[in-house]
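Chemist: File target.cif follows (mmCIF, C-alpha atoms):
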```
data_start
#
loop_
_atom_site.label_atom_id
_atom_site.label_comp_id
_atom_site.auth_asym_id
_atom_site.auth_seq_id
_atom_site.Cartn_x
_atom_site.Cartn_y
_atom_site.Cartn_z
CA MET A 164 -14.02 -14.57 -3.37
CA ALA A 165 -14.07 -11.02 -1.99
CA ALA A 166 -10.79 -9.15 -1.62
CA SER A 167 -11.27 -8.92 2.13
CA GLU A 168 -11.52 -12.71 2.32
CA LYS A 169 -8.30 -13.08 0.38
CA HIS A 170 -6.53 -10.71 2.73
CA HIS A 171 -7.85 -12.46 5.82
CA ALA A 172 -6.42 -15.88 4.97
CA ASN A 173 -2.99 -17.00 6.18
CA PRO A 174 -0.70 -16.84 3.11
CA THR A 175 1.51 -19.63 4.47
CA GLY A 176 -1.30 -22.18 4.23
CA SER A 177 -2.04 -24.59 1.38
CA HIS A 178 -5.79 -24.14 0.76
CA ARG A 179 -7.21 -21.96 -1.98
CA ALA A 180 -7.82 -18.93 0.21
CA ALA A 181 -4.25 -19.13 1.47
CA ARG A 182 -2.91 -19.33 -2.09
CA ASP A 183 -4.97 -16.29 -3.06
CA ALA A 184 -3.60 -14.41 -0.06
CA ARG A 185 -0.06 -15.44 -1.01
CA ARG A 186 -0.55 -14.07 -4.53
CA ALA A 187 -1.83 -10.79 -3.12
CA LEU A 188 1.19 -10.60 -0.79
CA ASP A 189 3.60 -11.37 -3.62
CA ASP A 190 1.98 -8.73 -5.83
CA ALA A 191 2.36 -6.16 -3.04
CA ARG A 192 6.00 -7.14 -2.59
CA ASP A 193 6.64 -6.77 -6.31
CA LEU A 194 5.07 -3.30 -6.46
CA ILE A 195 6.98 -1.99 -3.45
CA ALA A 196 10.27 -3.42 -4.68
CA GLU A 197 9.85 -1.86 -8.11
CA ALA A 198 9.05 1.56 -6.65
CA TYR A 199 12.25 1.54 -4.59
CA GLY A 200 14.47 0.00 -7.24
CA ARG A 201 14.97 -3.27 -5.38
CA SER A 202 14.36 -6.97 -5.89
CA PRO A 203 11.17 -8.44 -4.38
CA ALA A 204 13.34 -10.91 -2.46
CA GLU A 205 14.89 -7.96 -0.60
CA VAL A 206 11.56 -6.77 0.90
CA VAL A 207 10.83 -7.74 4.51
CA PHE A 208 7.44 -6.57 5.75
CA THR A 209 7.41 -5.11 9.27
CA SER A 210 4.99 -3.46 11.68
CA GLY A 211 6.36 -0.02 10.77
CA GLY A 212 9.47 2.12 10.59
CA SER A 213 10.63 1.56 14.17
CA GLU A 214 10.73 -2.20 13.75
CA ALA A 215 12.45 -1.84 10.39
CA ASP A 216 15.10 0.44 11.90
CA ASN A 217 15.69 -1.90 14.83
CA LEU A 218 15.90 -4.92 12.55
CA ALA A 219 18.51 -3.15 10.46
CA ILE A 220 20.73 -1.93 13.30
CA ARG A 221 20.33 -4.70 15.86
CA GLY A 222 20.06 -7.45 13.26
CA VAL A 223 23.36 -6.48 11.66
CA LEU A 224 25.13 -6.06 15.00
CA ARG A 225 23.97 -9.47 16.20
CA ALA A 226 25.07 -11.12 12.97
CA ARG A 227 28.36 -9.30 12.40
CA GLY A 228 29.36 -7.66 15.65
CA GLY A 229 31.41 -4.53 15.17
CA PHE A 230 30.66 -0.89 15.75
CA PRO A 231 27.55 1.10 14.69
CA VAL A 232 27.56 4.74 13.59
CA CYS A 233 24.62 7.10 13.04
CA SER A 234 23.88 10.81 12.87
CA ALA A 235 22.68 12.93 15.77
CA GLY A 236 19.52 13.66 13.78
CA GLU A 237 18.22 10.10 13.65
CA HIS A 238 14.84 8.97 14.86
CA HIS A 239 15.03 7.32 18.28
CA ALA A 240 14.44 3.95 16.60
CA VAL A 241 17.96 4.26 15.15
CA LEU A 242 19.64 6.49 17.70
CA GLU A 243 18.81 4.39 20.76
CA PRO A 244 19.99 1.03 19.35
CA VAL A 245 23.24 2.69 18.26
CA GLU A 246 23.78 4.32 21.64
CA TYR A 247 22.81 1.10 23.46
CA ALA A 248 25.54 -0.72 21.53
CA GLY A 249 28.10 1.95 22.42
CA GLY A 250 28.23 3.33 18.88
CA ALA A 251 29.36 6.70 17.56
CA VAL A 252 27.06 9.62 16.78
CA VAL A 253 27.99 12.12 14.05
CA ALA A 254 27.25 15.80 14.66
CA LEU A 255 24.80 17.84 12.57
CA THR A 256 25.36 21.11 10.78
CA SER A 257 23.32 24.13 11.85
CA ASP A 258 20.83 23.37 9.05
CA GLY A 259 20.19 19.87 10.39
CA ARG A 260 22.18 17.78 7.91
CA VAL A 261 25.31 15.63 8.02
CA ASP A 262 28.49 16.99 6.44
CA PRO A 263 30.19 14.17 4.44
CA ASP A 264 33.61 15.49 5.50
CA VAL A 265 32.65 15.29 9.18
CA LEU A 266 31.33 11.76 8.63
CA SER A 267 34.60 10.79 6.95
CA GLU A 268 36.59 12.20 9.88
CA VAL A 269 34.53 10.25 12.43
CA LEU A 270 34.80 7.01 10.46
CA GLY A 271 38.53 7.47 10.00
CA GLY A 272 39.00 7.36 13.76
CA LEU A 273 37.11 4.10 14.27
CA ASP A 274 37.88 0.43 13.74
CA ASP A 275 35.57 -2.45 12.83
CA VAL A 276 32.58 -0.35 11.73
CA SER A 277 29.80 -2.77 10.81
CA ILE A 278 26.91 -0.44 9.98
CA VAL A 279 26.43 3.27 9.28
CA SER A 280 22.92 4.73 9.41
CA MET A 281 22.15 8.12 7.85
CA ILE A 282 18.58 9.42 7.84
CA ALA A 283 17.19 10.50 4.47
CA VAL A 284 14.74 13.21 5.57
CA ASN A 285 14.60 14.41 9.15
CA HIS A 286 11.33 13.58 10.89
CA GLU A 287 11.17 16.90 12.72
CA THR A 288 12.72 19.61 10.59
CA GLY A 289 12.34 18.10 7.12
CA ALA A 290 16.04 18.63 6.35
CA ILE A 291 17.12 16.41 3.43
CA ASN A 292 20.51 14.72 3.63
CA ASP A 293 22.72 14.27 0.57
CA LEU A 294 22.59 10.48 0.64
CA PRO A 295 24.84 9.86 -2.40
CA ALA A 296 27.57 12.07 -0.90
CA LEU A 297 27.29 10.35 2.47
CA ALA A 298 27.42 6.92 0.81
CA GLU A 299 30.55 7.93 -1.09
CA ALA A 300 32.20 9.00 2.16
CA VAL A 301 31.43 5.67 3.81
CA ARG A 302 32.53 3.58 0.83
CA ARG A 303 35.80 5.50 0.63
CA VAL A 304 36.74 5.39 4.31
CA ARG A 305 34.99 2.26 5.61
CA PRO A 306 34.12 0.07 2.60
CA GLU A 307 33.45 -2.92 4.85
CA ALA A 308 30.51 -1.19 6.58
CA LEU A 309 26.91 -1.72 5.61
CA LEU A 310 24.85 1.38 4.81
CA HIS A 311 21.34 1.91 6.21
CA THR A 312 18.97 4.82 5.74
CA ASP A 313 15.78 5.56 7.62
CA ALA A 314 13.66 6.69 4.66
CA VAL A 315 10.41 6.69 6.64
CA GLN A 316 9.84 10.41 6.07
CA ALA A 317 11.38 10.51 2.62
CA GLY A 318 9.04 8.72 0.20
CA GLY A 319 6.84 11.71 -0.50
CA TRP A 320 9.66 14.19 -1.00
CA ILE A 321 12.59 12.50 -2.76
CA ASP A 322 13.16 9.61 -5.15
CA VAL A 323 14.51 7.14 -2.60
CA ALA A 324 15.40 4.60 -5.29
CA GLU A 325 17.83 7.09 -6.82
CA ALA A 326 19.09 8.79 -3.65
CA ALA A 327 19.69 5.54 -1.75
CA ALA A 328 20.87 3.41 -4.67
CA ASP A 329 24.15 2.63 -2.89
CA PHE A 330 22.54 1.80 0.47
CA ASP A 331 22.28 -1.78 1.66
CA LEU A 332 19.26 -1.40 3.94
CA ILE A 333 16.30 0.99 3.68
CA SER A 334 13.44 1.44 6.17
CA ILE A 335 9.99 2.69 5.14
CA THR A 336 6.55 2.91 6.74
CA GLY A 337 3.00 3.21 5.51
CA HIS A 338 1.44 6.06 7.44
CA LYS A 339 3.94 8.63 6.17
CA LEU A 340 2.75 7.82 2.64
CA GLY A 341 -0.97 8.00 3.31
CA GLY A 342 -1.18 4.28 4.09
CA PRO A 343 -2.27 2.59 7.30
CA VAL A 344 -0.47 2.87 10.62
CA GLY A 345 1.33 -0.34 11.59
CA THR A 346 2.70 -1.18 8.14
CA GLY A 347 6.26 -0.92 6.91
CA ALA A 348 9.18 -2.70 5.34
CA LEU A 349 12.93 -3.09 5.45
CA PHE A 350 14.84 -3.59 2.21
CA ILE A 351 17.82 -5.91 2.75
CA ARG A 352 20.21 -6.15 -0.16
CA SER A 353 20.72 -9.69 -1.42
CA GLY A 354 23.66 -11.46 0.22
CA ILE A 355 23.38 -9.62 3.53
CA THR A 356 22.72 -11.74 6.60
CA LEU A 357 21.23 -10.38 9.79
CA ASP A 358 19.72 -11.93 12.88
CA PRO A 359 15.93 -11.61 13.12
CA LEU A 360 14.34 -9.77 16.02
CA LEU A 361 11.33 -12.12 15.98
CA LEU A 362 11.74 -15.89 16.05
CA GLY A 363 9.20 -18.65 15.68
CA GLY A 364 8.54 -19.13 11.99
CA GLY A 365 10.10 -19.14 8.57
CA GLN A 366 8.19 -16.14 7.24
CA GLU A 367 9.96 -13.42 5.22
CA ARG A 368 12.72 -15.87 4.28
CA GLY A 369 13.47 -16.44 7.95
CA ARG A 370 14.14 -12.75 8.61
CA ARG A 371 10.93 -11.89 10.46
CA ALA A 372 8.63 -14.43 12.11
CA GLY A 373 4.88 -13.94 12.27
CA THR A 374 1.82 -14.43 10.09
CA PRO A 375 2.04 -11.77 7.38
CA ASP A 376 -0.43 -8.89 7.41
CA VAL A 377 -1.63 -9.29 3.83
CA ALA A 378 -4.15 -6.46 3.93
CA GLY A 379 -1.54 -4.16 5.44
CA ALA A 380 1.03 -5.11 2.80
CA CYS A 381 -1.46 -4.47 0.00
CA ALA A 382 -2.41 -1.11 1.49
CA LEU A 383 1.27 -0.19 1.84
CA ALA A 384 1.85 -1.08 -1.80
CA ALA A 385 -1.09 1.06 -2.88
CA ALA A 386 0.22 4.01 -0.87
CA VAL A 387 3.71 3.58 -2.30
CA GLY A 388 2.30 3.55 -5.83
CA VAL A 389 0.15 6.65 -5.40
CA THR A 390 2.99 8.53 -3.71
CA GLY A 391 5.37 7.81 -6.56
CA ASP A 392 2.83 8.83 -9.20
CA ARG A 393 2.01 12.14 -7.48
CA ARG A 394 5.33 13.07 -5.90
CA ALA A 395 6.45 15.71 -8.39
CA GLU A 396 3.17 17.62 -8.43
CA GLU A 397 2.68 17.32 -4.68
CA ILE A 398 6.14 18.73 -3.98
CA VAL A 399 5.26 21.84 -5.97
CA ARG A 400 1.76 22.20 -4.53
CA LEU A 401 2.60 21.50 -0.90
CA GLY A 402 5.85 23.44 -1.04
CA ALA A 403 3.89 26.54 -2.03
CA LEU A 404 1.35 25.99 0.74
CA ARG A 405 4.11 25.38 3.29
CA ASP A 406 5.86 28.60 2.30
CA GLU A 407 2.55 30.46 2.57
CA LEU A 408 2.03 29.06 6.06
CA VAL A 409 5.48 30.06 7.26
CA ALA A 410 5.27 33.50 5.64
CA GLY A 411 1.89 34.06 7.28
CA LEU A 412 3.27 33.17 10.71
CA ARG A 413 6.23 35.48 10.21
CA SER A 414 3.97 38.30 9.10
CA THR A 415 1.66 37.90 12.08
CA LEU A 416 4.13 37.09 14.83
CA ARG A 417 7.29 38.76 13.49
CA ASP A 418 10.02 38.50 16.15
CA HIS A 419 8.03 35.91 18.09
CA VAL A 420 8.68 33.16 15.53
CA THR A 421 11.82 31.69 13.97
CA THR A 422 12.45 28.87 11.49
CA THR A 423 15.14 26.27 12.03
CA VAL A 424 16.02 25.22 8.47
CA LEU A 425 13.90 27.13 5.95
CA GLY A 426 15.80 29.92 4.28
CA GLY A 427 19.16 28.44 5.16
CA GLY A 428 19.83 27.13 1.68
CA ALA A 429 19.56 23.43 2.55
CA PRO A 430 16.84 21.34 0.86
CA VAL A 431 13.78 20.78 3.02
CA ALA A 432 10.83 18.43 2.55
CA ALA A 433 7.89 20.29 1.04
CA GLY A 434 5.38 18.87 3.52
CA ILE A 435 7.07 19.93 6.76
CA ALA A 436 6.95 23.38 8.35
CA HIS A 437 9.13 23.53 11.46
CA VAL A 438 9.07 26.72 13.49
CA CYS A 439 9.98 27.83 17.01
CA PHE A 440 8.32 30.34 19.31
CA PRO A 441 11.08 31.26 21.79
CA GLU A 442 8.81 32.87 24.37
CA ILE A 443 6.43 29.96 24.96
CA GLU A 444 6.37 26.27 25.82
CA ALA A 445 5.33 23.90 23.05
CA GLU A 446 3.15 21.71 25.29
CA ALA A 447 0.96 24.65 26.22
CA LEU A 448 0.63 25.65 22.58
CA LEU A 449 -0.25 22.11 21.49
CA PHE A 450 -3.03 22.06 24.07
CA LEU A 451 -4.57 25.26 22.69
CA LEU A 452 -4.24 24.11 19.10
CA ASP A 453 -5.81 20.74 19.84
CA GLN A 454 -8.77 22.46 21.48
CA GLN A 455 -9.48 24.12 18.13
CA GLY A 456 -8.98 20.97 16.06
CA LEU A 457 -5.49 21.69 14.77
CA ARG A 458 -3.15 18.71 15.06
CA ALA A 459 0.55 19.43 15.40
CA SER A 460 3.65 18.05 17.13
CA ALA A 461 6.40 19.48 19.27
CA ALA A 462 9.00 17.04 17.95
CA SER A 463 8.80 13.69 16.10
CA SER A 464 5.44 11.98 16.57
CA CYS A 465 6.90 9.29 18.79
CA SER A 466 8.28 11.94 21.13
CA SER A 467 5.28 14.24 21.36
CA GLY A 468 4.41 15.08 24.93
CA ALA A 469 7.99 14.81 26.15
CA GLN A 470 9.14 17.68 28.35
CA ASP A 471 12.72 17.77 27.09
CA PRO A 472 13.38 19.77 23.89
CA SER A 473 14.19 17.88 20.72
CA HIS A 474 17.53 16.10 20.51
CA VAL A 475 17.60 17.08 16.83
CA LEU A 476 17.40 20.80 17.61
CA ALA A 477 20.02 20.40 20.33
CA ALA A 478 22.34 18.74 17.82
CA MET A 479 21.79 21.69 15.46
CA GLY A 480 22.87 24.12 18.17
CA VAL A 481 19.42 25.62 18.70
CA PRO A 482 19.33 27.18 22.19
CA ARG A 483 17.14 25.38 24.69
CA GLU A 484 14.99 28.44 25.29
CA VAL A 485 14.18 28.51 21.58
CA ALA A 486 13.78 24.75 21.15
CA GLN A 487 11.25 24.50 23.98
CA GLY A 488 8.79 26.38 21.78
CA SER A 489 9.22 24.19 18.69
CA LEU A 490 6.28 23.23 16.51
CA ARG A 491 6.12 20.83 13.57
CA LEU A 492 3.25 21.24 11.12
CA SER A 493 2.81 18.54 8.48
CA LEU A 494 1.09 18.95 5.11
CA GLY A 495 -0.17 16.08 2.96
CA TYR A 496 -2.48 14.94 0.19
CA THR A 497 -5.60 16.40 1.80
CA THR A 498 -4.11 19.80 2.68
CA THR A 499 -5.85 22.72 0.98
CA PRO A 500 -5.38 26.51 0.91
CA ALA A 501 -8.34 26.71 3.29
CA ASP A 502 -6.42 24.57 5.77
CA ILE A 503 -3.53 27.05 5.66
CA ASP A 504 -5.90 29.95 6.30
CA SER A 505 -7.44 28.06 9.20
CA ALA A 506 -4.04 27.21 10.70
CA LEU A 507 -2.93 30.84 10.52
CA ALA A 508 -6.16 31.98 12.16
CA ILE A 509 -5.61 29.55 15.04
CA ILE A 510 -1.84 29.58 15.64
CA GLY A 511 -1.23 33.31 15.74
CA PRO A 512 -3.81 34.15 18.44
CA ALA A 513 -2.80 31.06 20.46
CA VAL A 514 0.85 32.12 20.51
CA GLU A 515 -0.05 35.70 21.39
CA ARG A 516 -2.29 34.47 24.22
CA LEU A 517 0.54 32.40 25.69
CA ILE A 518 3.03 35.24 25.40
CA ALA A 519 0.61 37.52 27.23
CA HIS A 520 0.41 34.93 30.04
CA GLY A 521 4.12 34.36 30.39
CA GLY A 522 4.59 31.56 27.86
CA GLY A 523 2.74 28.59 29.31
#
```
Written as structure tokens, how would this file's structure read?
Modeler:
Amino acid sequence: MAASEKHHANPTGSHRAARDARRALDDARDLIAEAYGRSPAEVVFTSGGSEADNLAIRGVLRARGGFPVCSAGEHHAVLEPVEYAGGAVVALTSDGRVDPDVLSEVLGGLDDVSIVSMIAVNHETGAINDLPALAEAVRRVRPEALLHTDAVQAGGWIDVAEAAADFDLISITGHKLGGPVGTGALFIRSGITLDPLLLGGGQERGRRAGTPDVAGACALAAAVGVTGDRRAEEIVRLGALRDELVAGLRSTLRDHVTTTVLGGGAPVAAGIAHVCFPEIEAEALLFLLDQQGLRASAASSCSSGAQDPSHVLAAMGVPREVAQGSLRLSLGYTTTPADIDSALAIIGPAVERLIAHGGG
């Protein structure tokens, strides 16, 4: 039987094709669990990071009640469920991270905290949080709270298994690892009960109803495996290319460009270059870049096209007139030195053209 036929069958069935699909799904679950230092029983496959984040926050709140807490730098898939539930939001430092002492102070003023969510790597700026230090702060001040991290952006840049060892719930997605869009997972530590978002079947141990996407799970597992094998070398390679890109922009545009986190001493993901052009509007720049085949974002991918500046930059204290010209450039497996040269040849003239025409 061809692999595609195995992946097409419903793994909850009893015929041979279904059993083959179930084995493929179980193998994928095993591989993903091992890569993140978890038990296969803790893996719940989802449609991506947003569903995983919502399942973590809303599922815990429905099951336990209480009060949610997150950082101001979270993806909207965490931030909005927390705000909707009337939760608390912890401020960011100027370099885009969470200070464990500030987190401790916020938690110390709250009662009945049920879940605390701290992002691993920021989706926009690439700032890397000190997850072990944040976990220690939570365990010391609010030991009854569950810990969740949105590690969607993190898999390529840090060892999530080590950094999030003390976290109870971890969200990941496939497309940030070179896998397909629409795949993801939530790790739920054994013994934790949450209410499912989707009802109607007993799949994923009753935590997420729906016929499993076997092909998607297998592709996610493959992406997770490759990412882990190549992480160390890719951090070095892409970090050098990222620095070359930022240095080139600074050299060409000088006072017309600023970086939000690079150079500030805080660790930053090697594959993210986040810059701001204070004299222009990001939407106008994105239009010019897209015309020349260069894909970029003004904020997180889910927010691209929005007119309001990034909530992350606002939380970092970046002035609105600077944030409105923000640009996120992502590097990955396929990025080459020629791509950096091409980006520099396109971005510089586009920015200069917009400045000459009043910014937009």
Chemist: Mind listing as a list of chain:residue names all residues within 10 Å of (30.8, -7.5, 3.6), counting all atoms listed in the file?
Modeler: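 Those within range, by chain then number, are A:Arg227, A:Ser277, A:Pro306, A:Glu307, A:Ala308, A:Leu309, A:Gly354, A:Ile355, A:Thr356.
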Chemist: May I have the residues at most 7 Å from (8.6, 6.0, 9.0) in the file's coordinates, counting only C-alpha atoms, as a VMD selection string?
Modeler: chain A and resid 211 to 212 314 to 316 335 to 336 339
Chemist: Write a file of the just-selected residues containing C-alpha atoms, as a PDB file, in the frame of the given file.
Modeler:
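The resulting selection_1.pdb:
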```pdb
ATOM      1  CA  GLY A 211       6.360  -0.020  10.770  1.00  0.00           C
ATOM      2  CA  GLY A 212       9.470   2.120  10.590  1.00  0.00           C
ATOM      3  CA  ALA A 314      13.660   6.690   4.660  1.00  0.00           C
ATOM      4  CA  VAL A 315      10.410   6.690   6.640  1.00  0.00           C
ATOM      5  CA  GLN A 316       9.840  10.410   6.070  1.00  0.00           C
ATOM      6  CA  ILE A 335       9.990   2.690   5.140  1.00  0.00           C
ATOM      7  CA  THR A 336       6.550   2.910   6.740  1.00  0.00           C
ATOM      8  CA  LYS A 339       3.940   8.630   6.170  1.00  0.00           C
TER       9      LYS A 339
END
```
Chemist: So what does the PyMOL selection byres ((chain A and resi 361) around 7) actually pick up in this one, as a ChimeraX atom specification?
Modeler: /A:359-360,362-363,371-372
Chemist: So which residues touch stretch 260-267 of chain A within 9 Å, counting only C-alpha atoms, skipping near sequence neighbours fewer than 6 positions away, as a list in words?
Modeler: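 Listing them by chain and then by number gives Ser234, Ala235, Gly236, Val253, Ala254, Met281, Asn285, Ala290, Ile291, Asn292, Asp293, Ala296, Leu297, Ala298, Glu299, Ala300, Val301, Arg303, Val304, Arg305, Ala429 and Met479 of chain A.
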Chemist: Mind dumping a table of every stretch 380-496 of chain A residue within 8 Å of stretch 501-512 of chain A, with the nearest atom pair and its distance in Å to one decimal, using all atoms listed in the file, sorted by chain and rising number, as JSON lines?
Modeler:
```
{"residue": "A:Leu404", "atom": "CA", "partner": "A:Ile503", "partner_atom": "CA", "distance": 7.0}
{"residue": "A:Glu407", "atom": "CA", "partner": "A:Ile503", "partner_atom": "CA", "distance": 7.6}
{"residue": "A:Leu408", "atom": "CA", "partner": "A:Ile503", "partner_atom": "CA", "distance": 5.9}
{"residue": "A:Gly411", "atom": "CA", "partner": "A:Leu507", "partner_atom": "CA", "distance": 6.6}
{"residue": "A:Leu412", "atom": "CA", "partner": "A:Leu507", "partner_atom": "CA", "distance": 6.6}
{"residue": "A:Thr415", "atom": "CA", "partner": "A:Gly511", "partner_atom": "CA", "distance": 6.5}
{"residue": "A:Leu416", "atom": "CA", "partner": "A:Gly511", "partner_atom": "CA", "distance": 6.6}
{"residue": "A:Leu452", "atom": "CA", "partner": "A:Ile510", "partner_atom": "CA", "distance": 6.9}
{"residue": "A:Gln455", "atom": "CA", "partner": "A:Ile509", "partner_atom": "CA", "distance": 7.3}
{"residue": "A:Leu457", "atom": "CA", "partner": "A:Ala506", "partner_atom": "CA", "distance": 7.0}
```
Chemist: Using the chain letters and numbers from the file, give me the residues hit by the PyMOL selection byres ((chain A and resi 388) around 12), as JSON, numbers by chain.
Modeler: {"A": [191, 192, 193, 194, 195, 196, 197, 198, 199, 318, 319, 337, 340, 341, 342, 381, 382, 383, 384, 385, 386, 387, 389, 390, 391, 392, 393, 394]}
Chemist: Any idea what the distance is between atom CA of A:Thr346 and atom CA of A:Val206?
Modeler: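 According to the coordinates, atom CA of A:Thr346 and atom CA of A:Val206 are separated by 12.7 Å.
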Chemist: Tell me which protein, DNA and RNA residues are within 10 Å of stretch 487-493 of chain A, counting only C-alpha atoms, leaving out same-chain ones fewer than 5 positions away, and put them as a ChimeraX atom specification.
Modeler: /A:286-289,401,405,408-409,420-423,432-449,457-464,470-473,476,481-482,498,506,514,522-523
Chemist: Could you state the separation of atom CA of A:Phe230 and atom CA of A:Ser353 in Å, given to one decimal place?
Modeler: 21.7 Å
Chemist: What does the distance between atom CA of A:Val223 and atom CA of A:Glu205 come to in Å, to one decimal place?
Modeler: 15.0 Å
Chemist: Could you check the closest approach to A:Ala328 for each of A:His311, A:Leu357, A:Arg186, A:Val232 and tell me which residue wins, using all atoms listed in the file?
Modeler: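 Between A:His311, A:Leu357, A:Arg186, A:Val232, the residue approaching A:Ala328 most closely is A:His311.
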Chemist: Once 6 Å is added on each side, what centre and edge lengths in Å to one decimal does the axis-aligned box around all listed atoms of stretch 487-494 of chain A have, as AutoDock Vina command-line options?
Modeler:
```
--center_x 6.2 --center_y 22.5 --center_z 14.5 --size_x 22.2 --size_y 19.8 --size_z 30.9
```
Chemist: Pick out the closest residue to A:Asp313 from this set: A:Asp216, A:Ala395, A:Asp329, A:Gly249. Count all atoms listed in the file.
Modeler: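 Using all atoms listed in the file, the shortest distance to A:Asp313 belongs to A:Asp216.
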Chemist: Find the residues around A:Val279 up to 6 Å (all atoms listed in the file counted), leave out those fewer than 2 positions away in its own chain, and share them as a tab-separated table (two decimals) with C-alpha atoms, keeping the file's coordinate frame.
Modeler:
```
chain	number	residue	atom	x	y	z
A	231	PRO	CA	27.55	1.10	14.69
A	232	VAL	CA	27.56	4.74	13.59
A	233	CYS	CA	24.62	7.10	13.04
A	310	LEU	CA	24.85	1.38	4.81
```
Chemist: Counting all atoms listed in the file, which of A:Leu332, A:Arg221, A:Leu494, A:Gly250 gets nearest to A:Ala403?
Modeler: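 When distances to A:Ala403 are compared using all atoms listed in the file, the smallest one comes from A:Leu494.
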Chemist: Rank A:Leu270, A:Arg302, A:Glu325, A:Gln366 by their smallest atom-to-atom distance to A:Gly176, using all atoms listed in the file, and report the top residue only.
Modeler: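 So, comparing all the options, the nearest one is A:Gln366.
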